[in-house]
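Reviewing the structure listed below.
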Amino acid sequence: MTSTTNVAAPEKNTTGSKAMIAIVLVTSLFFIWGLTMNLVNALNSPFGNYMELSSTESSLLQVAYYGAYFVMAIPAGIIAKRFGYKGGVISGLFLFAVGSFIVIPATSNASYGLFLFAMFVIALGAASLETNCNPYITKLGNEKGESFRLNMAQSFNGVGNIVGPLILAQILSQTIAPGKEGFDEAKTKFLSDTQHIYIVIGIVLVVVLLVFAFFKLPTPPGDEEEAESGASGDASFFGLLKRPYFALGVLAEFIFIGLQVAGMAMFSAYALKHWGPGVTAGLAATMLSILSLLFTIGRFVTTPLMAKFDPAKILGVYMTISAALMFVVFLGLGKISVIAFLVAYLFISIGYPTIFSLTLKGIKGSAAKTGSSALVMSIVGAALIPLLLGVIQDAAGIEIALLVTVPGFLYLAWYAFWGSKIGLKEA
């Protein structure tokens with residue numbers, strides 16, 4: 001067969017070397033968007049300093065990034081339905097690369113507005129990748145291994161989360177405040193180094209895009225059945241809402257991602273308040289790195305267990321433990337509560353991919369693409385819930401704000417044990 005650019009007709013082999021290569025290639029994308037997502041978070045403070053931004057202006061980096069997820073989720077799902085998962089991946093890589101190269105004029109001209117636009121375009125690409133890669137990995141194989149495959153792939157997303165800030169740490173020396181001697185030189189170096197990071201990312205993405213363009217991705221079994229029968233059933237969002245476990249799962253994902261991001265955003269301030277004498281901003285930042293490391297370890301350690309035990313039950317136990325640990329955090333018991341905060345992320349770790357796979361259980365073909373779009377849109381919880389907890393923190397204190405996370409984690413435990421099964425047998 002001659003080479004073709006028709007992305008709507010991937011191969012049907014879902015076992016063996018073809019499937020394994022596809023899983024490796026797609027998993028590499030989880031690492032890439034994990035790296036860039038946390039790189040954006042790490043850039044927040046130095047960019048705010050060197051561009052002399054207010055806290056509100058600096059926070060627009062997160063608004064631009066996570067807002068793009070909400071904007072792109074549905075278009076990415078439409079692209080996947082029309083051109084297959086491969087088409088969605090290629091369009092995502094293209095947008096990702098374009099956004100990376102827009103960083104060049106943004107940093108050359110020290111334009112914060114253009115940099116925000118670059119981050120928005122990068123996130124459009126990342127959202128397209130997430131909308132397509134999550135269900136692709138989930139559905140490429142037998143149904144029993146869905147949570148295992150997605151958690152394994154998402155583990156590499158966690159590795160990327162650690163690597164992004166580490167890369168930035170290698171190029172950032174001590175931050176020089178505006179008005180201090182050497183500020184202009186430090187600002188120029190920071191912008192130049194940031195530009196070089198994204199140039200490398202852009203070049204890597206172009207290479208990866210070419211690999212995907214010429215590799216024939218195997219088709220998940222559900223897509224094969226749909227193509228052979230010529231019928232997709234009701235694959236609309238409202239059709240999926242008729243399945244209670246799906247609707248409850250989208251809500252669970254919205255709550256989970258909001259709690260995860262809010263906790264990470266509030267940790268340093270909490271540690272500075274409760275660790276005790278001798279605590280510094282540097283120590284708090286180091287502990288935040290430990291928190292991210294525990295988060296990643298949690299995924300790697302737990303993923304093999306999902307091949308032996310029910311992922312829903314594991315999730316339920318983990319979310320219950322997370323709720324208990326966050327209650328200890330609320331109590332403000334000094335170092336004990338800070339350590340409880342850290343340990344909580346060991347158990348929080350598996351939430352996103354496990355909820356994702358449970359929500360899509362029994363959903364195949366076009367319906368899986370629609371469901372994935374809805375789940376990726378739920379990432380807007382990362383913008384809304386931290387904002388809500390920030391308001392509570394300003395009004396009643398950080399401890400009360402963190403207490404609000406407890407019922408959130410208990411809902412996630414309920415979904416894992418019971419909610420994820422409501423309507424599943426009838427679906």
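Numbering starts fresh at 1 for the residues of each chain in the structure tokens, the chains themselves are lettered A, B, ... in the order given, and ligands are numbered from 1 as they appear.
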
> Near A:Leu150, within 12 Å and counting only C-alpha atoms, which residues show up once chain neighbours fewer than 3 positions away are dropped, as a count of residues only?
Replying inline: 41

>> Just want the 6 Å neighbourhood of stretch 197-213 of chain A, counted on only C-alpha atoms, with same-chain residues fewer than 2 positions away dropped. Output as a ChimeraX atom specification.
In response: /A:93,97,100,194-195,215

Using the selection just defined, write its residues with N, CA and C atoms as an mmCIF file, in the first residue's frame.
data_model
loop_
_atom_site.group_PDB
_atom_site.id
_atom_site.type_symbol
_atom_site.label_atom_id
_atom_site.label_comp_id
_atom_site.auth_asym_id
_atom_site.auth_seq_id
_atom_site.Cartn_x
_atom_site.Cartn_y
_atom_site.Cartn_z
ATOM 1 N N LEU A 93 -0.415 18.824 17.801
ATOM 2 C CA LEU A 93 1.022 19.056 17.693
ATOM 3 C C LEU A 93 1.323 20.309 16.875
ATOM 4 N N ALA A 97 3.296 23.497 18.374
ATOM 5 C CA ALA A 97 4.544 23.989 17.786
ATOM 6 C C ALA A 97 4.434 25.461 17.404
ATOM 7 N N SER A 100 4.726 27.602 20.430
ATOM 8 C CA SER A 100 6.107 27.632 20.914
ATOM 9 C C SER A 100 6.942 28.628 20.125
ATOM 10 N N THR A 194 14.275 31.916 28.164
ATOM 11 C CA THR A 194 12.915 31.418 27.973
ATOM 12 C C THR A 194 12.657 31.151 26.493
ATOM 13 N N GLN A 195 13.115 32.067 25.657
ATOM 14 C CA GLN A 195 12.961 31.906 24.208
ATOM 15 C C GLN A 195 13.649 30.631 23.728
ATOM 16 N N PHE A 215 3.235 7.511 10.639
ATOM 17 C CA PHE A 215 2.945 6.262 11.337
ATOM 18 C C PHE A 215 1.437 6.015 11.320
#

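We find atom CA of A:Thr107 and atom CA of A:Ala123 to be spaced 17.9 Å apart.
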
> Which residues, written as an MDAnalysis selection string, have at least one atom at most 7 Å from stretch 65-67 of chain A, with only C-alpha atoms counted and residues fewer than 4 positions away on the same chain left out?
Replying inline: chainID A and resid 61 71 119:120 123 380 383

List as a short mmCIF file (atom, residue, chain, number, x, y, z; two decimals) with C-alpha atoms, in the first residue's frame the protein and nucleic acid residues near A:Phe417, meaning an atom at most 9 Å away when only C-alpha atoms are counted, but skip any in the same chain fewer than 5 places from it.
data_model
loop_
_atom_site.label_atom_id
_atom_site.label_comp_id
_atom_site.auth_asym_id
_atom_site.auth_seq_id
_atom_site.Cartn_x
_atom_site.Cartn_y
_atom_site.Cartn_z
CA ALA A 312 -12.63 2.15 41.31
CA LYS A 313 -12.04 0.66 44.77
CA LEU A 315 -9.64 5.36 43.87
CA GLY A 316 -12.30 5.26 46.60
CA VAL A 317 -9.78 4.29 49.28
CA LEU A 412 -14.86 11.70 44.77
#

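Atom to atom, atom CA of A:Phe101 and atom CA of A:Leu168 stand 17.9 Å apart.
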